[in-house]
>>> print(open('structure_21.pdb').read())   # PDB, C-alpha atoms
ATOM      1  CA  MET A 686     235.988  44.152 181.087
ATOM      2  CA  GLU A 687     235.673  46.894 183.696
ATOM      3  CA  ASN A 688     239.028  46.564 185.414
ATOM      4  CA  THR A 689     241.046  48.973 183.312
ATOM      5  CA  GLU A 690     243.721  50.093 185.732
ATOM      6  CA  GLY A 691     243.964  46.991 187.942
ATOM      7  CA  ILE A 692     247.385  45.422 188.413
ATOM      8  CA  MET A 693     247.980  42.485 186.083
ATOM      9  CA  THR A 694     250.687  39.931 186.545
ATOM     10  CA  GLU A 695     252.996  39.247 183.573
ATOM     11  CA  LYS A 696     251.296  35.905 183.073
ATOM     12  CA  GLU A 697     247.827  37.509 183.034
ATOM     13  CA  SER A 698     249.020  40.084 180.507
ATOM     14  CA  LEU A 699     250.331  37.406 178.157
ATOM     15  CA  GLU A 700     247.136  35.365 178.551
ATOM     16  CA  LEU A 701     245.015  38.421 177.752
ATOM     17  CA  ILE A 702     247.087  39.174 174.629
ATOM     18  CA  ALA A 703     246.790  35.562 173.433
ATOM     19  CA  SER A 704     243.034  35.419 174.050
ATOM     20  CA  MET A 705     242.357  38.715 172.211
ATOM     21  CA  ILE A 706     244.545  37.739 169.253
ATOM     22  CA  ASN A 707     242.619  34.457 169.044
ATOM     23  CA  LYS A 708     239.274  36.270 169.203
ATOM     24  CA  ALA A 709     240.297  38.447 166.245
ATOM     25  CA  LYS A 710     241.886  35.568 164.351
ATOM     26  CA  ASN A 711     239.092  33.033 164.721
ATOM     27  CA  ARG A 712     236.512  35.309 163.198
ATOM     28  CA  VAL A 713     234.865  33.811 160.114
ATOM     29  CA  SER A 714     234.651  36.770 157.747
ATOM     30  CA  GLU A 715     233.746  35.017 154.502
ATOM     31  CA  ASN A 716     230.014  34.370 154.104
ATOM     32  CA  GLY A 717     230.295  32.552 150.753
ATOM     33  CA  THR A 718     227.848  34.855 148.912
ATOM     34  CA  LEU A 719     230.164  35.691 146.008
ATOM     35  CA  TYR A 720     231.267  32.074 145.590
ATOM     36  CA  LEU A 721     227.612  31.035 145.357
ATOM     37  CA  LEU A 722     226.641  33.909 143.073
ATOM     38  CA  TRP A 723     229.423  33.195 140.588
ATOM     39  CA  GLY A 724     229.238  29.433 141.010
ATOM     40  CA  TRP A 725     225.548  29.290 140.080
ATOM     41  CA  LEU A 726     225.912  31.886 137.325
ATOM     42  CA  ILE A 727     228.780  30.072 135.589
ATOM     43  CA  LEU A 728     227.004  26.716 136.052
ATOM     44  CA  ILE A 729     223.820  28.070 134.401
ATOM     45  CA  CYS A 730     225.835  29.668 131.563
ATOM     46  CA  CYS A 731     227.639  26.358 130.891
ATOM     47  CA  ILE A 732     224.431  24.309 130.902
ATOM     48  CA  VAL A 733     222.520  26.788 128.708
ATOM     49  CA  GLN A 734     225.370  26.908 126.165
ATOM     50  CA  PHE A 735     225.779  23.124 126.241
ATOM     51  CA  VAL A 736     222.035  22.547 125.691
ATOM     52  CA  GLY A 737     222.052  25.133 122.897
ATOM     53  CA  LEU A 738     225.002  23.513 121.121
ATOM     54  CA  TYR A 739     224.269  19.853 121.754
ATOM     55  CA  PHE A 740     220.487  19.641 121.415
ATOM     56  CA  PHE A 741     219.637  22.580 119.146
ATOM     57  CA  ASN A 742     222.894  23.077 117.294
ATOM     58  CA  TYR A 743     222.541  26.762 118.108
ATOM     59  CA  ALA A 744     226.023  28.259 117.667
ATOM     60  CA  ASP A 745     225.129  31.647 119.154
ATOM     61  CA  SER A 746     224.239  30.186 122.558
ATOM     62  CA  TYR A 747     227.508  31.618 123.873
ATOM     63  CA  TYR A 748     225.663  34.976 124.189
ATOM     64  CA  ILE A 749     224.510  33.763 127.598
ATOM     65  CA  TRP A 750     228.028  34.593 128.850
ATOM     66  CA  PHE A 751     227.327  38.298 128.424
ATOM     67  CA  SER A 752     225.094  37.997 131.504
ATOM     68  CA  THR A 753     228.317  37.785 133.550
ATOM     69  CA  TRP A 754     228.866  41.505 132.887
ATOM     70  CA  ILE A 755     225.545  42.312 134.576
ATOM     71  CA  PHE A 756     226.608  40.290 137.594
ATOM     72  CA  LEU A 757     229.964  42.040 137.601
ATOM     73  CA  ILE A 758     228.151  45.356 138.010
ATOM     74  CA  LEU A 759     225.925  43.860 140.745
ATOM     75  CA  GLN A 760     229.056  42.564 142.482
ATOM     76  CA  PHE A 761     230.619  46.028 142.384
ATOM     77  CA  PHE A 762     227.635  47.454 144.319
ATOM     78  CA  TYR A 763     227.587  44.474 146.712
ATOM     79  CA  ILE A 764     231.286  44.935 147.590
ATOM     80  CA  LYS A 765     230.803  48.681 147.957
ATOM     81  CA  LYS A 766     227.918  48.085 150.387
ATOM     82  CA  GLN A 767     229.906  45.470 152.298
ATOM     83  CA  ASN A 768     232.896  47.809 152.649
ATOM     84  CA  ARG A 769     230.588  50.513 153.994
ATOM     85  CA  ASN A 770     229.053  48.193 156.594
ATOM     86  CA  PHE A 771     232.309  46.549 157.713
ATOM     87  CA  ARG A 772     233.048  46.075 161.398
ATOM     88  CA  VAL A 773     236.574  44.799 160.974
ATOM     89  CA  LYS A 774     239.037  44.669 158.104
ATOM     90  CA  THR A 775     241.646  41.955 158.252
ATOM     91  CA  TYR A 776     244.950  41.631 156.415
ATOM     92  CA  THR A 777     243.886  38.239 155.071
ATOM     93  CA  GLY A 778     240.664  39.730 153.706
ATOM     94  CA  GLU A 779     242.629  42.430 151.949
ATOM     95  CA  ILE A 780     245.122  39.983 150.401
ATOM     96  CA  ASN A 781     242.251  37.724 149.347
ATOM     97  CA  GLY A 782     240.586  40.682 147.618
ATOM     98  CA  PHE A 783     243.756  41.408 145.645
ATOM     99  CA  VAL A 784     244.061  37.732 144.637
ATOM    100  CA  TRP A 785     240.576  37.917 143.056
ATOM    101  CA  LEU A 786     241.340  41.263 141.435
ATOM    102  CA  ALA A 787     244.476  39.738 139.857
ATOM    103  CA  PHE A 788     242.322  36.793 138.713
ATOM    104  CA  PHE A 789     239.804  39.128 137.057
ATOM    105  CA  ILE A 790     242.542  41.029 135.182
ATOM    106  CA  GLY A 791     244.180  37.730 134.175
ATOM    107  CA  MET A 792     240.849  36.330 132.947
ATOM    108  CA  VAL A 793     240.109  39.363 130.784
ATOM    109  CA  LEU A 794     243.593  39.151 129.239
ATOM    110  CA  VAL A 795     243.451  35.371 128.696
ATOM    111  CA  ILE A 796     240.051  35.569 126.965
ATOM    112  CA  PHE A 797     241.076  38.593 124.914
ATOM    113  CA  THR A 798     244.378  37.007 123.784
ATOM    114  CA  SER A 799     242.764  33.648 122.944
ATOM    115  CA  ILE A 800     240.047  35.317 120.852
ATOM    116  CA  HIS A 801     242.518  37.742 119.260
ATOM    117  CA  PHE A 802     244.752  34.875 118.040
ATOM    118  CA  LYS A 803     241.691  32.687 117.288
ATOM    119  CA  TYR A 804     242.771  29.928 119.715
ATOM    120  CA  TYR A 805     239.115  29.175 120.529
ATOM    121  CA  GLU A 806     239.705  25.542 121.453
ATOM    122  CA  ILE A 807     242.045  26.425 124.339
ATOM    123  CA  ILE A 808     239.829  29.110 125.928
ATOM    124  CA  TYR A 809     237.955  26.723 128.243
ATOM    125  CA  PRO A 810     240.999  24.779 129.505
ATOM    126  CA  LEU A 811     242.742  28.114 130.137
ATOM    127  CA  ILE A 812     239.685  29.496 131.952
ATOM    128  CA  LEU A 813     239.788  26.430 134.202
ATOM    129  CA  VAL A 814     243.487  26.987 134.954
ATOM    130  CA  MET A 815     242.613  30.583 135.865
ATOM    131  CA  TYR A 816     239.651  29.506 138.068
ATOM    132  CA  GLY A 817     241.954  27.181 139.978
ATOM    133  CA  ILE A 818     244.525  29.832 140.954
ATOM    134  CA  PRO A 819     242.431  32.219 143.111
ATOM    135  CA  THR A 820     240.311  29.370 144.481
ATOM    136  CA  PHE A 821     243.395  27.460 145.645
ATOM    137  CA  LEU A 822     245.050  30.613 147.045
ATOM    138  CA  SER A 823     241.862  31.693 148.847
ATOM    139  CA  GLY A 824     241.723  28.245 150.418
ATOM    140  CA  ILE A 825     245.294  28.679 151.667
ATOM    141  CA  ILE A 826     244.675  32.264 152.906
ATOM    142  CA  LEU A 827     241.394  31.383 154.659
ATOM    143  CA  LYS A 828     242.763  27.979 155.775
ATOM    144  CA  PHE A 829     239.665  26.398 154.228
ATOM    145  CA  MET A 830     240.285  22.936 152.799
ATOM    146  CA  PRO A 831     237.173  22.714 150.505
ATOM    147  CA  LEU A 832     238.491  25.697 148.515
ATOM    148  CA  ILE A 833     241.968  24.160 148.257
ATOM    149  CA  ILE A 834     240.407  20.934 146.955
ATOM    150  CA  GLY A 835     238.151  23.003 144.673
ATOM    151  CA  GLY A 836     241.184  24.770 143.185
ATOM    152  CA  ILE A 837     242.884  21.439 142.516
ATOM    153  CA  CYS A 838     239.652  20.131 140.927
ATOM    154  CA  CYS A 839     239.708  23.084 138.493
ATOM    155  CA  TRP A 840     243.208  22.104 137.359
ATOM    156  CA  VAL A 841     242.232  18.431 137.026
ATOM    157  CA  PHE A 842     239.189  19.393 134.922
ATOM    158  CA  SER A 843     241.388  21.735 132.874
ATOM    159  CA  PHE A 844     243.682  18.804 132.059
ATOM    160  CA  LEU A 845     240.720  16.517 131.239
ATOM    161  CA  SER A 846     239.007  19.154 129.110
ATOM    162  CA  SER A 847     242.032  19.190 126.768
ATOM    163  CA  PHE A 848     240.852  15.811 125.493
ATOM    164  CA  PHE A 849     237.257  16.891 124.736
ATOM    165  CA  THR A 850     235.497  19.021 122.160
ATOM    166  CA  SER A 851     234.212  22.430 123.263
ATOM    167  CA  GLU A 852     230.668  21.167 124.082
ATOM    168  CA  TYR A 853     232.031  18.674 126.599
ATOM    169  CA  GLN A 854     234.572  21.190 127.871
ATOM    170  CA  LEU A 855     231.532  23.179 129.049
ATOM    171  CA  LEU A 856     230.527  20.216 131.198
ATOM    172  CA  CYS A 857     234.053  20.174 132.659
ATOM    173  CA  ILE A 858     233.639  23.842 133.626
ATOM    174  CA  ALA A 859     230.228  23.045 135.146
ATOM    175  CA  ALA A 860     231.733  20.230 137.231
ATOM    176  CA  ALA A 861     234.653  22.467 138.242
ATOM    177  CA  VAL A 862     232.450  25.327 139.494
ATOM    178  CA  ILE A 863     230.323  22.894 141.503
ATOM    179  CA  SER A 864     233.430  21.576 143.271
ATOM    180  CA  ALA A 865     235.341  24.868 143.484
ATOM    181  CA  TRP A 866     232.680  27.479 144.258
ATOM    182  CA  ILE A 867     229.205  26.023 144.871
ATOM    183  CA  ILE A 868     230.058  23.347 147.451
ATOM    184  CA  PRO A 869     232.669  25.515 149.285
ATOM    185  CA  GLY A 870     230.235  28.458 149.038
ATOM    186  CA  TYR A 871     227.516  26.575 150.920
ATOM    187  CA  LEU A 872     230.058  25.318 153.481
ATOM    188  CA  LEU A 873     231.361  28.894 154.021
ATOM    189  CA  LYS A 874     227.776  30.118 154.395
ATOM    190  CA  ALA A 875     227.036  27.454 157.008
ATOM    191  CA  ASN A 876     230.251  28.275 158.929
ATOM    192  CA  PHE A 877     229.482  31.978 158.824
ATOM    193  CA  LYS A 878     225.958  31.447 160.146
ATOM    194  CA  LYS A 879     227.294  29.275 162.962
ATOM    195  CA  GLU A 880     230.012  31.755 163.989
ATOM    196  CA  ASN A 881     228.001  34.968 163.658
TER     197      ASN A 881
ATOM    198  CA  MET B1029     270.117  41.889 185.071
ATOM    199  CA  GLN B1030     268.084  45.033 184.496
ATOM    200  CA  PHE B1031     264.288  44.839 184.302
ATOM    201  CA  LYS B1032     262.645  46.419 181.301
ATOM    202  CA  GLU B1033     259.951  48.760 182.519
ATOM    203  CA  LEU B1034     256.412  47.859 181.453
ATOM    204  CA  ASP B1035     254.732  50.604 179.439
ATOM    205  CA  PRO B1036     252.055  52.051 181.794
ATOM    206  CA  ILE B1037     249.793  52.908 178.838
ATOM    207  CA  LEU B1038     249.667  49.253 177.798
ATOM    208  CA  HIS B1039     249.804  47.718 181.262
ATOM    209  CA  SER B1040     246.072  48.112 181.746
ATOM    210  CA  GLN B1041     243.588  45.339 181.069
ATOM    211  CA  LEU B1042     241.251  47.067 178.632
ATOM    212  CA  ARG B1043     243.904  49.084 176.774
ATOM    213  CA  LEU B1044     246.009  45.950 176.346
ATOM    214  CA  ALA B1045     242.944  44.052 175.072
ATOM    215  CA  ILE B1046     242.214  46.820 172.535
ATOM    216  CA  MET B1047     245.821  46.850 171.324
ATOM    217  CA  SER B1048     245.918  43.027 171.083
ATOM    218  CA  LEU B1049     242.791  43.073 168.915
ATOM    219  CA  LEU B1050     244.034  45.914 166.722
ATOM    220  CA  ILE B1051     247.444  44.313 166.173
ATOM    221  CA  SER B1052     245.698  41.298 164.622
ATOM    222  CA  VAL B1053     243.548  43.228 162.137
ATOM    223  CA  LYS B1054     243.970  46.076 159.668
ATOM    224  CA  GLU B1055     241.255  48.239 161.229
ATOM    225  CA  ALA B1056     238.218  47.684 163.402
ATOM    226  CA  GLU B1057     234.989  49.470 164.180
ATOM    227  CA  PHE B1058     234.157  50.585 167.720
ATOM    228  CA  THR B1059     231.292  48.058 168.008
ATOM    229  CA  PHE B1060     233.657  45.199 167.140
ATOM    230  CA  LEU B1061     236.055  46.210 169.943
ATOM    231  CA  LYS B1062     233.118  46.593 172.334
ATOM    232  CA  GLU B1063     231.799  43.117 171.530
ATOM    233  CA  LYS B1064     235.182  41.397 171.830
ATOM    234  CA  THR B1065     236.277  43.142 175.032
ATOM    235  CA  ASN B1066     232.836  43.126 176.731
ATOM    236  CA  ALA B1067     233.522  46.694 177.855
ATOM    237  CA  THR B1068     230.946  49.439 178.253
ATOM    238  CA  SER B1069     230.850  52.131 175.563
ATOM    239  CA  GLY B1070     231.909  54.855 178.003
ATOM    240  CA  ASN B1071     234.879  52.950 179.360
ATOM    241  CA  LEU B1072     235.974  51.869 175.901
ATOM    242  CA  SER B1073     235.788  55.475 174.633
ATOM    243  CA  VAL B1074     237.973  56.719 177.493
ATOM    244  CA  GLN B1075     240.615  54.030 176.956
ATOM    245  CA  ILE B1076     240.625  54.528 173.190
ATOM    246  CA  SER B1077     241.186  58.255 173.721
ATOM    247  CA  LYS B1078     244.158  57.492 176.001
ATOM    248  CA  LEU B1079     245.688  55.225 173.352
ATOM    249  CA  LYS B1080     245.142  57.914 170.751
ATOM    250  CA  GLU B1081     246.784  60.571 172.948
ATOM    251  CA  ALA B1082     249.799  58.281 173.281
ATOM    252  CA  GLY B1083     249.917  58.015 169.473
ATOM    253  CA  TYR B1084     249.372  54.239 169.592
ATOM    254  CA  ILE B1085     246.170  54.220 167.582
ATOM    255  CA  GLU B1086     244.513  56.326 164.941
ATOM    256  CA  ILE B1087     240.794  57.100 165.146
ATOM    257  CA  ILE B1088     238.754  57.804 162.053
ATOM    258  CA  LYS B1089     235.263  59.201 162.589
ATOM    259  CA  GLN B1090     232.856  59.040 159.684
ATOM    260  CA  PHE B1091     229.185  58.690 158.857
ATOM    261  CA  ASN B1092     227.597  55.572 157.397
ATOM    262  CA  ASN B1093     223.940  55.915 156.352
ATOM    263  CA  ASN B1094     223.660  58.932 158.677
ATOM    264  CA  TYR B1095     224.993  56.931 161.639
ATOM    265  CA  PRO B1096     228.343  57.892 163.180
ATOM    266  CA  GLN B1097     231.040  55.266 162.799
ATOM    267  CA  THR B1098     234.327  55.136 164.705
ATOM    268  CA  ILE B1099     237.153  53.178 163.143
ATOM    269  CA  CYS B1100     240.341  52.366 165.047
ATOM    270  CA  LYS B1101     243.678  51.458 163.539
ATOM    271  CA  ILE B1102     247.003  50.706 165.206
ATOM    272  CA  THR B1103     249.878  53.065 164.289
ATOM    273  CA  THR B1104     253.554  52.194 163.665
ATOM    274  CA  LYS B1105     254.351  53.720 167.073
ATOM    275  CA  GLY B1106     251.636  51.491 168.583
ATOM    276  CA  ILE B1107     253.096  48.369 166.957
ATOM    277  CA  GLU B1108     256.571  49.218 168.296
ATOM    278  CA  ALA B1109     255.185  49.889 171.793
ATOM    279  CA  PHE B1110     253.246  46.616 171.723
ATOM    280  CA  GLU B1111     256.312  44.637 170.614
ATOM    281  CA  ASN B1112     258.446  46.261 173.323
ATOM    282  CA  TYR B1113     255.763  45.501 175.905
ATOM    283  CA  VAL B1114     255.691  41.812 174.899
ATOM    284  CA  LYS B1115     259.518  41.645 174.977
ATOM    285  CA  ALA B1116     259.509  43.196 178.443
ATOM    286  CA  LEU B1117     256.897  40.671 179.594
ATOM    287  CA  GLN B1118     258.948  37.821 178.194
ATOM    288  CA  SER B1119     262.042  39.050 180.011
ATOM    289  CA  TYR B1120     260.089  38.900 183.296
ATOM    290  CA  MET B1121     258.742  35.450 182.495
ATOM    291  CA  THR B1122     262.147  33.929 181.717
ATOM    292  CA  LEU B1123     263.499  34.868 185.141
TER     293      LEU B1123
END
>>> encode(input="structure_21.pdb", output="structure tokens")
Amino acid sequence: MENTEGIMTEKESLELIASMINKAKNRVSENGTLYLLWGWLILICCIVQFVGLYFFNYADSYYIWFSTWIFLILQFFYIKKQNRNFRVKTYTGEINGFVWLAFFIGMVLVIFTSIHFKYYEIIYPLILVMYGIPTFLSGIILKFMPLIIGGICCWVFSFLSSFFTSEYQLLCIAAAVISAWIIPGYLLKANFKKEN
Amino acid sequence: MQFKELDPILHSQLRLAIMSLLISVKEAEFTFLKEKTNATSGNLSVQISKLKEAGYIEIIKQFNNNYPQTICKITTKGIEAFENYVKALQSYMTL
């Protein structure tokens, strides 16, 4: 674009504005890394705890969930690095970030309250309700249907898990993260590779 | 009917392209603007400086891993000027 001072007609000006807005808007900014990281981590935690409870009757298998704190620290450094290397920050990206921050705060409070009042049997259905909210909203913000469907799947599995014992509720969480984070994560990754 | 005058700062191909990109995002790095506008670095720098002088954009210069980084952000004055420019264009088009 070398012609900086050339005369533009009104129509050309409007066309230029529209084309630039589209170029900025159509950018795929989500590479799916965090969806995949958390999707696989939660899936592994669910399976390990389920195997521990179901096959070995090992009640302390829930310790595997403490690994999520390590990943939380890793995520902090990943986001910090990403923010440093950014080329463009969008309003949708910022809103999406706040949605996940609200989810994290909500999750901590839900787990704390459930344990505090000893409502252990409702922790997993509540976690699934919580998983569904940011996933669904991210799908709406990014206009990405697999995430919207994934969010709905979390709520369906939350409803179903109310009818199962805690071992089988773990399988509901596993199925939910496959549909809400792992599958959409791979689709986002593929889209990102194609666009960038 | 009186014609609204087109803002001469915005009525330039590259400056208008920069403003159209910046109005759609929160902030953008120089390399992003260069890639999307297909402009040369020198030309883009000159036009960005003009927009900054007019108070339409804010430029933040920082270092990232010892490399200089230039971040551009549209200002409130820039948003108003852009909206007025589009309104003026529309008034011409409806004639």
>>> resolve_selection(input="structure_21.pdb", expression="the PyMOL selection byres ((chain A) within 10 of (chain B))", output="PyMOL selection string")
chain A and resi 686-699+701-710+769-779
>>> resolve_selection(input="structure_21.pdb", expression="the PyMOL selection byres ((chain A and resi 787-804) around 10)", output="list in words")
Asn781, Gly782, Phe783, Val784, Trp785, Leu786, Tyr805, Glu806, Ile807, Ile808, Tyr809, Leu811, Ile812, Val814, Met815, Tyr816, Gly817, Ile818, Pro819 and Thr820 of chain A
>>> resolve_selection(input="structure_21.pdb", expression="the PyMOL selection byres ((chain A and resi 862) around 10)", output="list in words")
Tyr720, Leu721, Trp723, Gly724, Trp725, Leu726, Ile727, Leu728, Cys731, Leu813, Tyr816, Gly817, Gly835, Gly836, Cys838, Cys839, Leu856, Cys857, Ile858, Ala859, Ala860, Ala861, Ile863, Ser864, Ala865, Trp866, Ile867, Ile868 and Pro869 of chain A
>>> axis_aligned_box(input="structure_21.pdb", around="segment 871-875 of chain A", padding_each_side="3 Å", output="JSON")
{"center_x": 229.2, "center_y": 27.7, "center_z": 154.0, "size_x": 10.3, "size_y": 10.8, "size_z": 12.1}
>>> atom_distance(input="structure_21.pdb", atom1="atom CA of Ile764 of chain A", atom2="atom CA of Ile826 of chain A")
19.2 Å
>>> atom_distance(input="structure_21.pdb", atom1="atom CA of Lys878 of chain A", atom2="atom CA of Ile825 of chain A")
21.3 Å
>>> atom_distance(input="structure_21.pdb", atom1="atom CA of Leu1079 of chain B", atom2="atom CA of Gly1106 of chain B")
8.5 Å
>>> residues_around(input="structure_21.pdb", residues="segment 743-748 of chain A", least_positions_apart="3", cutoff="10 Å", atoms="all atoms listed in the file", output="list in words")
Cys730, Cys731, Val733, Gln734, Phe735, Val736, Gly737, Leu738, Tyr739, Phe740, Phe751 and Ser752 of chain A
